[in-house]
Amino acid sequence: MPEFQKSSVHIKNPARVEEIICGLIKGGAAKLQIITDFDMTLSRFSHEGKRCPTSHYVIDNSKLLWQLKEKYYAIEIDPVLTIEEKYPYMVEWYTKSHGLLVEQALPKAKLKEIVAESDVMLKEGYENFFDKLRQHNIPVFIFSAGIGDILEEVIRQAGVYHTNITVVSNFMDFDDNGILKGFKGELIHVYNKHDGALKNTDYFSQLKDNSNIILLGDSQGDIRMADGVANVEYILKIGYLNDRVDELLAKYMDSYDIVLVKDESLDVANSILQKIL
């Protein structure tokens, strides 16, 4: 596959990847499901040298939120700290961010306009990706520590929010006047996706025949997103590495089967789907 020849593609164990892809091809559409992160995985990290916003920053580009990001994002991608050490900081970051958003008394009616005017962008090749998966009725599980209402609106406006997609994320809770008053359910952050995956076993048990998985993520926490799947036959983990590449590449290559460095496209995933479907 020519997409694999690009310099952005890093594979620690090519023979193993080939074996997994052969297994996925053999299983075909009937056995396949997709489990994917959203921010910086389906959406772009940057475009023409400028950082693109995550779903939290689509709503609020205020100075306070950016100050939080500067402090906590550095912790999130720190190559030395363990996930266990990062965990409490992520809870703190998300809790503070959500508090700031609630303070703004955001009206639900404005979400559409906010997304339309933002710089959020899906990765190149997204139409092909989503349309092909819909065409073959492949279940797509978007598991995001971002804001569900925003990411749903992003894919809706892109014309790819198809019926085969399920979103689990941090969803906003609005009062009777349609003003943001908080967030529903338990907080999902970048490093508790394992717990979230286990809470979604109902979803996965309905898909017990879909034992082949393509997982897409961009953080060390994302590799746990398939933990709720009981019967995995083949799983291919594709990881986007967007930042601090030199320090993190080896770690990512240990965690993910395929690592895509500073790749703003879905070309690799699409080329694999082309072979399977």
# chains A, B, ... in the order shown; residues from 1 in each chain; ligands from 1

call {"tool": "closest_atom_pairs", "arguments": {"of": "region 84-160 of chain A", "to": "region 35-44 of chain A", "cutoff": "7 Å", "atoms": "only C-alpha atoms", "output": "CSV"}}
result
residue,atom,partner,partner_atom,distance
A:Met121,CA,A:Ser43,CA,5.6
A:Leu122,CA,A:Ser43,CA,4.0
A:Lys123,CA,A:Arg44,CA,5.2
A:Val140,CA,A:Ile35,CA,6.0
A:Phe141,CA,A:Ile35,CA,4.8
A:Ile142,CA,A:Thr36,CA,5.0
A:Phe143,CA,A:Asp37,CA,5.1
A:Ser144,CA,A:Asp37,CA,5.3
A:Gly146,CA,A:Asp39,CA,6.8

call {"tool": "residues_around", "arguments": {"residues": "Gln135 (chain A)", "least_positions_apart": "5", "cutoff": "12 Å", "atoms": "only C-alpha atoms", "output": "list in words"}}
result
Ala29, Glu127, Asn128, Phe129, Phe130, Val160, His162, Thr163, Asn164, Leu273 and Leu277 of chain A

call {"tool": "select_by_dssp", "arguments": {"residues": "region 98-256 of chain A", "states": "alpha helix (DSSP H)", "output": "MDAnalysis selection string"}}
result
chainID A and resid 98:103 111:117 126:135 148:157 193:199 201:205 245:255

call {"tool": "residues_around", "arguments": {"residues": "Phe204 (chain A)", "least_positions_apart": "2", "cutoff": "12 Å", "atoms": "only C-alpha atoms", "output": "ChimeraX atom specification"}}
result
/A:33-35,139-141,166,197-202,206-213,225-232

call {"tool": "write_last_selection", "arguments": {"atoms": "C-alpha atoms", "output": "mmCIF file, in the first residue's frame"}}
result
data_model
loop_
_atom_site.group_PDB
_atom_site.id
_atom_site.type_symbol
_atom_site.label_atom_id
_atom_site.label_comp_id
_atom_site.auth_asym_id
_atom_site.auth_seq_id
_atom_site.Cartn_x
_atom_site.Cartn_y
_atom_site.Cartn_z
ATOM 1 C CA GLN A 33 -15.955 -2.315 14.061
ATOM 2 C CA ILE A 34 -14.198 1.036 14.504
ATOM 3 C CA ILE A 35 -13.342 2.553 17.882
ATOM 4 C CA PRO A 139 -20.320 0.305 13.645
ATOM 5 C CA VAL A 140 -18.293 3.393 14.580
ATOM 6 C CA PHE A 141 -17.799 4.173 18.271
ATOM 7 C CA THR A 166 -22.376 6.119 18.407
ATOM 8 C CA ALA A 197 -14.842 1.394 27.946
ATOM 9 C CA LEU A 198 -15.930 -1.030 30.649
ATOM 10 C CA LYS A 199 -19.075 1.052 31.293
ATOM 11 C CA ASN A 200 -20.008 0.657 27.633
ATOM 12 C CA THR A 201 -19.998 -3.127 27.613
ATOM 13 C CA ASP A 202 -23.724 -3.081 26.678
ATOM 14 C CA GLN A 206 -24.520 -6.116 20.959
ATOM 15 C CA LEU A 207 -21.569 -6.339 18.578
ATOM 16 C CA LYS A 208 -20.213 -9.676 19.782
ATOM 17 C CA ASP A 209 -19.693 -10.843 16.178
ATOM 18 C CA ASN A 210 -17.655 -7.715 15.396
ATOM 19 C CA SER A 211 -14.469 -9.173 16.832
ATOM 20 C CA ASN A 212 -12.100 -7.257 14.521
ATOM 21 C CA ILE A 213 -11.266 -3.716 15.524
ATOM 22 C CA MET A 225 -10.690 2.383 24.421
ATOM 23 C CA ALA A 226 -11.375 -1.209 23.331
ATOM 24 C CA ASP A 227 -11.130 -2.609 26.869
ATOM 25 C CA GLY A 228 -14.904 -3.169 26.921
ATOM 26 C CA VAL A 229 -14.789 -5.569 23.978
ATOM 27 C CA ALA A 230 -14.957 -9.121 25.301
ATOM 28 C CA ASN A 231 -13.958 -11.155 22.251
ATOM 29 C CA VAL A 232 -11.219 -9.487 20.251
#

call {"tool": "residues_around", "arguments": {"residues": "Asp175 (chain A)", "least_positions_apart": "4", "cutoff": "12 Å", "atoms": "only C-alpha atoms", "output": "list in words"}}
result
Val102, Ala105, Leu106, Pro107, Lys108, Ile179, Leu180, Lys181, Gly182, Phe183 and Lys184 of chain A

call {"tool": "write_last_selection", "arguments": {"atoms": "N, CA, C and O atoms", "output": "tab-separated table (two decimals), in the first residue's frame"}}
result
chain	number	residue	atom	x	y	z
A	102	VAL	N	-19.37	26.64	32.10
A	102	VAL	CA	-20.67	26.84	32.75
A	102	VAL	C	-20.83	28.31	33.14
A	102	VAL	O	-21.92	28.89	32.97
A	105	ALA	N	-22.57	30.79	30.79
A	105	ALA	CA	-24.02	30.69	30.53
A	105	ALA	C	-24.31	30.53	29.03
A	105	ALA	O	-25.09	31.26	28.43
A	106	LEU	N	-23.67	29.56	28.45
A	106	LEU	CA	-23.77	29.33	27.01
A	106	LEU	C	-25.17	28.86	26.60
A	106	LEU	O	-25.68	27.89	27.16
A	107	PRO	N	-25.81	29.52	25.62
A	107	PRO	CA	-27.12	29.04	25.15
A	107	PRO	C	-26.97	27.92	24.12
A	107	PRO	O	-26.14	28.01	23.21
A	108	LYS	N	-27.77	26.88	24.29
A	108	LYS	CA	-27.74	25.73	23.38
A	108	LYS	C	-27.96	26.17	21.93
A	108	LYS	O	-27.38	25.63	20.99
A	179	ILE	N	-29.88	27.07	28.73
A	179	ILE	CA	-28.59	27.64	29.12
A	179	ILE	C	-27.76	26.54	29.80
A	179	ILE	O	-28.26	25.78	30.63
A	180	LEU	N	-26.47	26.47	29.45
A	180	LEU	CA	-25.60	25.45	30.00
A	180	LEU	C	-25.52	25.56	31.53
A	180	LEU	O	-25.21	26.62	32.06
A	181	LYS	N	-25.84	24.44	32.21
A	181	LYS	CA	-25.78	24.48	33.68
A	181	LYS	C	-24.77	23.48	34.25
A	181	LYS	O	-24.47	23.48	35.43
A	182	GLY	N	-24.25	22.61	33.37
A	182	GLY	CA	-23.28	21.61	33.85
A	182	GLY	C	-23.08	20.55	32.79
A	182	GLY	O	-23.40	20.76	31.61
A	183	PHE	N	-22.53	19.41	33.21
A	183	PHE	CA	-22.29	18.30	32.29
A	183	PHE	C	-22.93	17.03	32.84
A	183	PHE	O	-23.01	16.84	34.05
A	184	LYS	N	-23.41	16.19	31.94
A	184	LYS	CA	-24.12	14.96	32.35
A	184	LYS	C	-23.14	13.84	32.69
A	184	LYS	O	-22.08	13.74	32.07

call {"tool": "closest_residue", "arguments": {"among": "A:Gly23, A:Pro79, A:Gly217, A:Gly178", "to": "Ile235 (chain A)", "atoms": "only C-alpha atoms"}}
result
A:Gly23

call {"tool": "closest_residue", "arguments": {"among": "A:Ile223, A:Lys31, A:Leu216, A:Leu100", "to": "Leu266 (chain A)", "atoms": "only C-alpha atoms"}}
result
A:Leu216

call {"tool": "select_by_dssp", "arguments": {"residues": "region 27-255 of chain A", "states": "strand (DSSP E)", "output": "ChimeraX atom specification"}}
result
/A:32-36,46-47,50-51,140-147,165-170,172-174,180-183,212-217,234-241

call {"tool": "residues_around", "arguments": {"residues": "Tyr191 (chain A)", "least_positions_apart": "3", "cutoff": "12 Å", "atoms": "only C-alpha atoms", "output": "JSON, numbers by chain"}}
result
{"A": [75, 76, 77, 82, 83, 84, 85, 86, 87, 88, 89, 90, 91, 93, 94, 144, 145, 187, 188, 194, 195, 196, 197, 218, 219, 220, 221, 222, 223, 224, 225]}

call {"tool": "closest_residue", "arguments": {"among": "A:Val58, A:Asp243, A:Lys251, A:Glu233", "to": "Gly27 (chain A)", "atoms": "only C-alpha atoms"}}
result
A:Glu233

call {"tool": "atom_distance", "arguments": {"atom1": "CA of His98 (chain A)", "atom2": "CA of Ser169 (chain A)"}}
result
13.1 Å

call {"tool": "residues_around", "arguments": {"residues": "Ala15 (chain A)", "least_positions_apart": "6", "cutoff": "12 Å", "atoms": "only C-alpha atoms", "output": "MDAnalysis selection string"}}
result
chainID A and resid 21:22 257:258

call {"tool": "residues_around", "arguments": {"residues": "region 63-69 of chain A", "least_positions_apart": "4", "cutoff": "9 Å", "atoms": "only C-alpha atoms", "output": "ChimeraX atom specification"}}
result
/A:56-57,73-74,93,96-97,100-101

call {"tool": "write_last_selection", "arguments": {"atoms": "N, CA and C atoms", "output": "JSON list (two decimals), in the first residue's frame"}}
result
[["chain", "number", "residue", "atom", "x", "y", "z"],
["A", 56, "HIS", "N", -13.31, 21.51, 23.23],
["A", 56, "HIS", "CA", -13.46, 22.46, 24.35],
["A", 56, "HIS", "C", -13.19, 23.89, 23.89],
["A", 57, "TYR", "N", -12.21, 24.03, 23.00],
["A", 57, "TYR", "CA", -11.76, 25.38, 22.62],
["A", 57, "TYR", "C", -12.55, 25.96, 21.46],
["A", 73, "TYR", "N", -1.77, 20.70, 29.55],
["A", 73, "TYR", "CA", -1.41, 19.95, 28.33],
["A", 73, "TYR", "C", 0.06, 19.50, 28.42],
["A", 74, "ALA", "N", 0.88, 20.37, 29.01],
["A", 74, "ALA", "CA", 2.30, 20.01, 29.19],
["A", 74, "ALA", "C", 2.42, 18.76, 30.07],
["A", 93, "TRP", "N", -7.90, 19.50, 35.46],
["A", 93, "TRP", "CA", -7.98, 20.30, 34.22],
["A", 93, "TRP", "C", -9.40, 20.31, 33.66],
["A", 96, "LYS", "N", -11.97, 22.08, 36.00],
["A", 96, "LYS", "CA", -11.84, 23.55, 35.94],
["A", 96, "LYS", "C", -12.36, 24.09, 34.60],
["A", 97, "SER", "N", -12.02, 23.38, 33.51],
["A", 97, "SER", "CA", -12.46, 23.83, 32.17],
["A", 97, "SER", "C", -13.98, 23.83, 32.07],
["A", 100, "LEU", "N", -15.45, 26.72, 33.94],
["A", 100, "LEU", "CA", -15.34, 27.98, 33.19],
["A", 100, "LEU", "C", -16.41, 28.07, 32.11],
["A", 101, "LEU", "N", -16.67, 26.96, 31.45],
["A", 101, "LEU", "CA", -17.68, 26.96, 30.38],
["A", 101, "LEU", "C", -19.07, 27.24, 30.96]]

call {"tool": "atom_distance", "arguments": {"atom1": "CA of Tyr234 (chain A)", "atom2": "CA of Tyr256 (chain A)"}}
result
13.6 Å

call {"tool": "closest_residue", "arguments": {"among": "A:Asp78, A:Ile276, A:Val154, A:Leu215", "to": "Glu247 (chain A)", "atoms": "only C-alpha atoms"}}
result
A:Asp78

call {"tool": "decode", "arguments": {"residues": "region 195-207 of chain A", "atoms": "N, CA, C and O atoms", "output": "PDB file, in the first residue's frame"}}
result
ATOM      1  N   ASP A 195     -11.912   2.885  32.096  1.00  0.00           N
ATOM      2  CA  ASP A 195     -13.128   2.775  32.911  1.00  0.00           C
ATOM      3  C   ASP A 195     -14.360   3.006  32.038  1.00  0.00           C
ATOM      4  O   ASP A 195     -15.362   2.306  32.149  1.00  0.00           O
ATOM      5  N   GLY A 196     -14.269   4.002  31.178  1.00  0.00           N
ATOM      6  CA  GLY A 196     -15.390   4.327  30.285  1.00  0.00           C
ATOM      7  C   GLY A 196     -15.702   3.179  29.344  1.00  0.00           C
ATOM      8  O   GLY A 196     -16.863   2.881  29.065  1.00  0.00           O
ATOM      9  N   ALA A 197     -14.648   2.525  28.872  1.00  0.00           N
ATOM     10  CA  ALA A 197     -14.842   1.394  27.946  1.00  0.00           C
ATOM     11  C   ALA A 197     -15.599   0.277  28.646  1.00  0.00           C
ATOM     12  O   ALA A 197     -16.497  -0.339  28.071  1.00  0.00           O
ATOM     13  N   LEU A 198     -15.266   0.048  29.910  1.00  0.00           N
ATOM     14  CA  LEU A 198     -15.930  -1.030  30.649  1.00  0.00           C
ATOM     15  C   LEU A 198     -17.389  -0.677  30.955  1.00  0.00           C
ATOM     16  O   LEU A 198     -18.232  -1.552  31.067  1.00  0.00           O
ATOM     17  N   LYS A 199     -17.684   0.625  31.059  1.00  0.00           N
ATOM     18  CA  LYS A 199     -19.075   1.052  31.293  1.00  0.00           C
ATOM     19  C   LYS A 199     -19.925   0.892  30.038  1.00  0.00           C
ATOM     20  O   LYS A 199     -21.144   0.941  30.091  1.00  0.00           O
ATOM     21  N   ASN A 200     -19.265   0.770  28.890  1.00  0.00           N
ATOM     22  CA  ASN A 200     -20.008   0.657  27.633  1.00  0.00           C
ATOM     23  C   ASN A 200     -20.075  -0.773  27.106  1.00  0.00           C
ATOM     24  O   ASN A 200     -20.237  -0.989  25.915  1.00  0.00           O
ATOM     25  N   THR A 201     -19.978  -1.726  28.042  1.00  0.00           N
ATOM     26  CA  THR A 201     -19.998  -3.127  27.613  1.00  0.00           C
ATOM     27  C   THR A 201     -21.331  -3.507  26.964  1.00  0.00           C
ATOM     28  O   THR A 201     -21.382  -4.413  26.147  1.00  0.00           O
ATOM     29  N   ASP A 202     -22.417  -2.810  27.318  1.00  0.00           N
ATOM     30  CA  ASP A 202     -23.724  -3.081  26.678  1.00  0.00           C
ATOM     31  C   ASP A 202     -23.630  -2.863  25.176  1.00  0.00           C
ATOM     32  O   ASP A 202     -24.093  -3.674  24.381  1.00  0.00           O
ATOM     33  N   TYR A 203     -23.038  -1.733  24.828  1.00  0.00           N
ATOM     34  CA  TYR A 203     -22.856  -1.417  23.400  1.00  0.00           C
ATOM     35  C   TYR A 203     -22.038  -2.513  22.733  1.00  0.00           C
ATOM     36  O   TYR A 203     -22.411  -3.061  21.695  1.00  0.00           O
ATOM     37  N   PHE A 204     -20.912  -2.863  23.346  1.00  0.00           N
ATOM     38  CA  PHE A 204     -20.006  -3.830  22.727  1.00  0.00           C
ATOM     39  C   PHE A 204     -20.599  -5.243  22.692  1.00  0.00           C
ATOM     40  O   PHE A 204     -20.338  -5.996  21.766  1.00  0.00           O
ATOM     41  N   SER A 205     -21.430  -5.582  23.704  1.00  0.00           N
ATOM     42  CA  SER A 205     -21.995  -6.939  23.715  1.00  0.00           C
ATOM     43  C   SER A 205     -23.002  -7.134  22.584  1.00  0.00           C
ATOM     44  O   SER A 205     -23.223  -8.249  22.119  1.00  0.00           O
ATOM     45  N   GLN A 206     -23.622  -6.023  22.126  1.00  0.00           N
ATOM     46  CA  GLN A 206     -24.520  -6.116  20.959  1.00  0.00           C
ATOM     47  C   GLN A 206     -23.726  -6.421  19.690  1.00  0.00           C
ATOM     48  O   GLN A 206     -24.271  -6.829  18.677  1.00  0.00           O
ATOM     49  N   LEU A 207     -22.424  -6.162  19.762  1.00  0.00           N
ATOM     50  CA  LEU A 207     -21.569  -6.339  18.578  1.00  0.00           C
ATOM     51  C   LEU A 207     -20.631  -7.528  18.763  1.00  0.00           C
ATOM     52  O   LEU A 207     -19.491  -7.495  18.334  1.00  0.00           O
TER      53      LEU A 207
END
